[in-house]
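**Student:** The following block contains the structure, expressed as structure tokens.
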Amino acid sequence: MKKLTYIKILSMAFILGSCNKALDLKPFQSIDQSQALLTSSDVQITLVGAYNKMSNGNLYGGNVYLQPDLMATQSIIQWSGTFQGLTQMVTQTIPINNVFVDSTWTDGYSVINSVNNVLSALDKVNAADKARVEGEAKFIRGMTYFDLVRMFGRSYNDGDPAANLGVPIVLTPTRAVDASSFVSRATVAQVYQQAISDLTTAESKLPADNSFYADQNSASAILARLYLQKGDYPNAAAEATKVISSGKYKLNANYADEFPYPGRSATHVDNTSEDIFAIQFTAQTVNIFNFNGLNAEYASSNDAGRGEIAINQSFINEFSANDTRKALFYDDAGSLRTDKFSNVYGNLHVIRLAELYLIRAEANLRISAASAIGDTPVNDVNQVRNRAGIAPLAAVTVNDVLTERRHELCFEGGFFLHDAKRTQQNVNGLPFNSPKLVWPIPETEMNANPKLVQNPGY
Amino acid sequence: MKKILPAILSLFLFASLAYGQNRVITGKVTDQKDGSPLPGVSVTVKGKTIGTQTNVDGSYSLSVTPDVKTLTFNFIGYREANLAITGTTLNVALSEDSKQLSEVVVVGYGTQTRQNLTGSIASVSSKDIEETPVTSFEQAIQGKMAGVLIQADNGKLGQGIKISVRGVASISAGTQPLVVLDGIIVNNEDLSNAGFAGPSDQLADINFDDIESIDVLKDAAAAAIYGARASNGVIILTSKKGKAGTAKVNFTAQFGKSTPSGNRQFMNTAQWLAIEEAAGAGRAKLDFATQDPNNPTFPTLDSALTFYKNSVETHFTRYAAGSTDWTRYNTNWEDQAYQSAPQAQYDLNLSGGSDKVTYFIGGQYLDQTGILVGNRFKRYSARINLDSKLSKIFEVGMNFDFANTLNKRVANDDGFNTPLQIVALSPVTPVIDPRSGLISGSLPGPASNYPLYYNPLLDVGNAYFHTTVYRTLGNVFGNLQLARGLNFRTEFGIDQGNHNEDSYFGSLTFRNTGTPNGSGENTNTTILHYTVNNYFSYKNVFKQDHSLDVTAGTSYEYYHNMLNDVDGRQFPSDAYKEIASAALINGGTSQQSEYSFVSYFSRVNYAYKSKYLVSLSARTDASSRFGANNRYGFFPAGSVGWILSEEKFLKNVSYLSNLKIKASYGLTGNGETGNYASLGLFSGSAGYNGSAGQAPVQIANPNLKWESTAQLDLGLEVGFFNNRLSATFDYYNKATRNLLLNVNIPATTGFVVQTQNLGRLFNKGVEVVLSSENLVGKFRWTTNINFAYNQNRVTFLNGQVISGGNLNYVIEGQPIGVFWGPEYAGVDPANGNALYYTNTKNSDGTLNKTKTSEYNSAQNVVLGNPTPKYTGGITNTFTYAGIDLSLSFQGVYGNKIYNGGGQYMSANASNGYDNQTIDQLNYWKKPGDITNVPEPRLFAANGTNPSSRYLSDGSYIRLKTASLGYTLPKAWLAKMKVDKIRVFVNGFNLFKITPYKGWDPEVNADFSASNISLGNDFYSAPQPRTITFGVNVGL
């Protein structure tokens, strides 16, 4: 009996003693959100985390520029890809459960939430860093909203942007799911306004130079692109002029230098003199968790790509014989490819100087000569043409500028779709305002949030 | 344990009573089958509790009073014998009886006789599965237990395999049953780290030749003692133990070969050339019709036709290795995906012991080659089970299994380099490129876009992915008898594993890896998983009529997982394969994770007059996985049974040997969610270009708690003619609520899901088991049939629709993973467009069956269920004069399979140059054609979007296992001093009957398989068809 009592006590002691301590296990690789934003450094590493997220292949790591082009290059490329979601873009039949559309949406708002975390804790940031941190955060948020609204909303020049639905605007970090998590879509005009407001604030807060992170010029450059898309030409010209006249950037001597691939061996290369803002890729960031979206589809499998896009000879024939930009096309064992994205660890150019010259030229051509800003359109266009090794033009029209954009910036920024929309050109037989050229709100998002209204045609 | 424990108990009950008689009966008890002595048989005076047990040589001696006329001989697993006393010697040969009601069933923390069970437990014993030529025990028991559905992802060795007990009861949390081996919780969480090869079967480390019995606890009465771990059922494995007696040696060797059990037919060169030409023309017509009229690409239709004809024919030449004679080669690529697949297996075990110490030592070497090129699995295992009675009341022991497995794995079904994706290559492409004399796609030579895709054959010899596991599964225990019937048991069990994945992809695989000079990865995962159980058990019979069995105790479980990984690229040459040689270290990580459970459990079984049975059990579980607010869960269950056949009014019905009705109800839980699912978390793995960063990764839910399942079970057991014919029927209703659901939240929050306790579903069904000894005597024929019907319904999700990829969804009112999507309506005879039913709702509620070629105008409708409604198996065993034959069929009915690869392989050549299945020949050619295959249009996706076009009936019945053996007569062997020699031939998956046109209807593509993504085929390998020859020798 004594023995029995002894064992009973022993076993009970074992269990009760171990209980709460044994159950209180904390994660190893992550920390509780309540401990994440306590110091200035905490906020700054969260900002770095936002860059990490925006560099995702589904976003500025490539797809945010690949996908609009896939929807509008039917006569320019031959698609032979196996991702059904991308084929659906090529065939202009995008169902509501397209996985790439879904990724752009969810990853886009994931970046926005990261940035909102940064902005919510600005008071923790050292005075010396505060303006820069706010500026970078708002740059990322503003640009992300601009790219989301371009895909998920009707074009700014299509009907009434103050009535057309854009995307929901979320400006605070999510700590819990509650009624406020169920947001409605803002109008296209409201989202543009939010993007302008964020980018303008960024422009005013950011330093003129900020290493490979966003600086003042990055914000001005994206603003210029935005104003052009919106049809606000005076502002587009003004913002482009800020960047050009900053003197910080100059065109590479050779066009090919903008796409460095030293020794045709994949390696990270720092920004070129022409890059205003670029996503930094390295051998460590391009891996199974992340990818270089443009390399994946455009590059040959000799260069780590999937080689799923061949360029039609007819497009290459558009270039004049001595255009050095033509050298960026090559024959990959029977398929013509662009060599722009062959360096899988090469940076992804979000925006570069040549585009700013062309933005300013077009904007100045579209406004009265009296209110034109900066150099003349013909000079701006010839800057680009000279570098490409082709004869300067004596005079330029808007169409000349558009052609120059097509040849200078092809496959880089989704301009085949975005330019067609703002200039109201047909896209492979579809009118610029066809609902098929506007992405659906993803099915899972529609299911998760009853306040959302689906786009027409879906 | 199962055989010894009752023997010990009966010893205690009877030994003290055997005195004061005046006649001594002696004799020997042997096994009727082979004449071997049976130790431990209880010998009692019929109708009394006076008796003894046979000793190690099967002999006994019992004093009885003169009035005793008959002795009763009882032994687990053998038919009871009642023999009249004639003289002083009484020998008896007992015959085996697998269905005897006194059979002991292993339950949680104890055992029970089958007769007294009120829970629902399915059992398979070792002799039903031994020598099955498969990798893991799950494959061996497939189709042998009612309501236990076992489905392999595909036919790769050691690949993921899903078990569902009475249906799938969770949408986002775990669905796999708890696996307990000798009281130790076995880790069954997939440790495969890389997305390379898909999930692996963690139970393939277990040598099932060591396993004595497999008991599956199905209802709440049986399983609730495992509380929060029990909602998906519990599989209890009990390893073989030694028996007192002379040492026995058992050796088995078998050798055989596997071949694919199914194939799919693809086009030959002429057929493929024709459909691709048609695809070019179809695309030209489409482009011409849809181009921008203001800025036409093609001025005339002819110019479009010429453009695409040239384009297509350029590709023909490319894929025909540069030959303009495209018909030069006619390669059947599917054949190239397979290899000659021999296998060998050796099992040796020794067992025996004395009254004090018993032992079982088992060893195995298994070497299986998979049907897919490059796939191979080896297992070495050694087991030592020891049981020692240190004194009359104190017993200690250990059960240890050491295993080393090596799995040479192949890429998951989604990889361009998985062997079966080879079928996409064009038949015009030669295996050996005549330009280089090397395998097509090798360097030097055109390799960036020749052949069509990366050639999986390049992985053979140039790449490997080896998973090496060292695993120790075992326990030590002590059992102390505190008083008569009262025992205290303490056991400490561990599952310790080192799981290493070492891979290297050589320079020739560059097209698949995107890395020119080789890449390698090494991932090491170490787990420590231990279980400590301490419990009291008390068994006694009061006043002959009141039988009581009480168990109460505590359990603590702890799991710790440590992972490290390194990735390297740029190797000096393919001769260097270890990351030590990588010039570029491009990735690395180390991670840890842990969880714990603290539990208290108890159970009371009470029987009155051996016919009224009551059982109550309860468990309280607490886990680190849940927030402090809801950390504890309480899981009670109760059950009653009534053995009517013991009642006076039925006792005289001679043909009725058993009739029992039972009912149970109880709660079980499921806590198989993320280890830190309730917390709001930031992760530090968010650096950018060399700067450290952090980012939010998970949203908090401090109220997270257990998923709970209330289960009702009503059962009937009936036996006739001394149980020669027996049947059990069960009806169950498992209602699960507070699902641990990954609820889709608006992604505008920055998160996609939050784990919430939301949702309800149920599984309702019936299970029938029939077993019959059709013929007894010299020619013996037995039949066992099991059948189950399960209805799975999600009843509440707060209106959510959850996608599982492809057409799988979770929707209220439908089974988990229901196929939901556009309904294919064939082809427009006028223009060859693929059509879909719009299926919009009419005002009267019916569906509008108007056809449309606009894919996006077709509304989603329910298209089928990926999970079979009916499952079952039937085993027939015949024995005659040393010859034994056993045939086990297994089948499922009522499910559909979605061919995810259909968009490429059965795409009327509208998705590129992939070779097409033969059924695509019937494509639309001209207006007026009536067909189901749309017009080929190169890369224009005509009809290739997900729809019911790619759904097929997945029902099947197959001869899962077959064995034919011959046991040499005892008389011959006696001279050689050999106990037993049996020669046998075993077959696995010998044939199947199915309407499914793919490789194999037992399929769920490994890379996508989840709780929701079910019934998908994606270049998934068929099950192997294996035939082995072997010999079993007993000494």
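Ligands are numbered from 1 in the order shown, chains are lettered A, B, ... in the order of the structure tokens, and residues start at 1 in each chain.
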With a distance cut-off of 9 Å and only C-alpha atoms, select the neighbouring residues of Leu171 (chain A), excluding the residue or stretch itself and same-chain residues fewer than 5 positions from it, and output the selection as a PyMOL selection string.
**Tutor:** chain A and resi 112-113+115-116+119
**Student:** Show me which bits of chain A are within 6 Å of chain B, counting only C-alpha atoms, as a list in words.
**Tutor:**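 So the residues of chain A near chain B are Leu23, Asp24, Leu25, Phe28, Ser30, Ile31, Asp32, Gln33, Ile45, Thr46, Val48, Gly49, Asn52, Pro95, Thr106, Tyr109, Ser110, Asn113, Thr174, Ala283, Gln284, Ser301, Asn302, Ala304, Asn428, Gly429, Glu445, Ala448 and Asn449 of chain A.
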**Student:** Name the residues of region 392-622 of chain B that come out as helix (DSSP H, G or I) in a backbone DSSP run; write them as a list of chain:residue names.
**Tutor:**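 Matching residues, listed in order: B:Pro419, B:Leu420, B:Gln421, B:Ile422, B:Val423, B:Ala424, B:Pro456, B:Leu457, B:Leu458, B:Asp459, B:Ser507, B:Leu508, B:Thr509, B:Phe510, B:Arg511, B:Asn512, B:Thr513, B:Ile579, B:Ala580, B:Ser581.
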**Student:** Applying 9 Å and only C-alpha atoms, which residues near region 181-188 of chain A remain after dropping the ones on its own chain fewer than 4 positions away? List them as a ChimeraX atom specification.
**Tutor:** /A:149-150,153-156,160-170,174,176-177,192-193,448-453 /B:745-746,748-749
**Student:** Would you mind exporting the chosen residues as a PDB file, in the first residue's frame, restricted to C-alpha atoms?
**Tutor:**
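Here's the written file selection_3.pdb:
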ATOM      1  CA  VAL A 149      -5.549  49.978 -60.581  1.00  0.00           C
ATOM      2  CA  ARG A 150      -4.119  49.733 -64.100  1.00  0.00           C
ATOM      3  CA  GLY A 153      -9.789  48.902 -63.076  1.00  0.00           C
ATOM      4  CA  ARG A 154     -10.889  50.363 -66.372  1.00  0.00           C
ATOM      5  CA  SER A 155      -8.493  52.685 -68.085  1.00  0.00           C
ATOM      6  CA  TYR A 156      -8.502  56.290 -66.833  1.00  0.00           C
ATOM      7  CA  ASP A 160     -15.845  58.197 -65.951  1.00  0.00           C
ATOM      8  CA  PRO A 161     -12.894  57.345 -63.685  1.00  0.00           C
ATOM      9  CA  ALA A 162     -14.750  58.939 -60.801  1.00  0.00           C
ATOM     10  CA  ALA A 163     -17.457  56.298 -61.215  1.00  0.00           C
ATOM     11  CA  ASN A 164     -15.502  53.307 -62.524  1.00  0.00           C
ATOM     12  CA  LEU A 165     -14.355  50.970 -59.800  1.00  0.00           C
ATOM     13  CA  GLY A 166     -10.677  50.621 -59.040  1.00  0.00           C
ATOM     14  CA  VAL A 167      -9.263  48.656 -56.142  1.00  0.00           C
ATOM     15  CA  PRO A 168      -9.853  48.974 -52.377  1.00  0.00           C
ATOM     16  CA  ILE A 169      -7.661  51.507 -50.614  1.00  0.00           C
ATOM     17  CA  VAL A 170      -6.178  50.227 -47.348  1.00  0.00           C
ATOM     18  CA  THR A 174      -3.938  44.646 -40.247  1.00  0.00           C
ATOM     19  CA  ALA A 176      -6.884  41.414 -36.549  1.00  0.00           C
ATOM     20  CA  VAL A 177      -9.731  40.491 -38.835  1.00  0.00           C
ATOM     21  CA  TYR A 192      -5.004  57.353 -58.839  1.00  0.00           C
ATOM     22  CA  GLN A 193      -5.370  60.183 -56.342  1.00  0.00           C
ATOM     23  CA  ALA A 448     -13.929  36.283 -48.998  1.00  0.00           C
ATOM     24  CA  ASN A 449     -15.302  39.797 -49.181  1.00  0.00           C
ATOM     25  CA  PRO A 450     -18.981  40.292 -50.020  1.00  0.00           C
ATOM     26  CA  LYS A 451     -18.468  44.039 -50.315  1.00  0.00           C
ATOM     27  CA  LEU A 452     -16.541  43.686 -53.557  1.00  0.00           C
ATOM     28  CA  VAL A 453     -18.243  44.175 -56.905  1.00  0.00           C
TER      29      VAL A 453
ATOM     30  CA  ILE B 745      -9.962  36.508 -45.511  1.00  0.00           C
ATOM     31  CA  PRO B 746      -9.829  39.487 -47.830  1.00  0.00           C
ATOM     32  CA  THR B 748      -6.558  43.378 -48.880  1.00  0.00           C
ATOM     33  CA  THR B 749      -5.626  42.730 -45.233  1.00  0.00           C
TER      34      THR B 749
END
**Student:** Measuring between only C-alpha atoms, which one of B:Gly198, B:Pro451, B:Pro260, B:Pro66 shows the shortest distance to Phe988 (chain B)?
**Tutor:**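 Of B:Gly198, B:Pro451, B:Pro260, B:Pro66, the one nearest Phe988 (chain B) is B:Pro260, counting only C-alpha atoms.
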**Student:** Near Glu362 (chain A), within 9 Å and counting only C-alpha atoms, which residues show up once chain neighbours fewer than 5 positions away are dropped, as a PyMOL selection string?
**Tutor:** chain A and resi 228+233+237+357+367+377+397-399+401-402
**Student:** To one decimal in Å, tell me the separation between CA of Val1031 (chain B) and CA of Asp128 (chain B).
**Tutor:**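 Separating CA of Val1031 (chain B) from CA of Asp128 (chain B) is a distance of 16.8 Å.
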**Student:** Fewer than 5 positions away in the same chain doesn't count, so skip those; otherwise give me all residues within 8 Å of Asn876 (chain B), counting only C-alpha atoms, as a ChimeraX atom specification.
**Tutor:** /B:781-784,886-888
**Student:** Only N, CA and C atoms, please: the residues just picked out, written as a short mmCIF file (atom, residue, chain, number, x, y, z; two decimals), in the first residue's frame.
**Tutor:**
data_model
loop_
_atom_site.label_atom_id
_atom_site.label_comp_id
_atom_site.auth_asym_id
_atom_site.auth_seq_id
_atom_site.Cartn_x
_atom_site.Cartn_y
_atom_site.Cartn_z
N TRP B 781 -12.12 -23.33 -47.47
CA TRP B 781 -12.39 -22.14 -48.28
C TRP B 781 -13.05 -21.10 -47.39
N THR B 782 -12.39 -19.99 -47.25
CA THR B 782 -12.99 -18.92 -46.45
C THR B 782 -13.14 -17.67 -47.31
N THR B 783 -14.15 -16.93 -46.97
CA THR B 783 -14.41 -15.68 -47.69
C THR B 783 -14.59 -14.57 -46.68
N ASN B 784 -13.91 -13.45 -46.89
CA ASN B 784 -14.10 -12.26 -46.07
C ASN B 784 -14.46 -11.11 -46.99
N SER B 886 -4.70 -17.38 -51.92
CA SER B 886 -5.48 -16.27 -51.39
C SER B 886 -5.58 -15.17 -52.44
N LEU B 887 -6.79 -14.70 -52.64
CA LEU B 887 -7.03 -13.66 -53.64
C LEU B 887 -7.78 -12.51 -52.98
N SER B 888 -7.19 -11.32 -53.00
CA SER B 888 -7.87 -10.15 -52.40
C SER B 888 -8.16 -9.12 -53.47
#
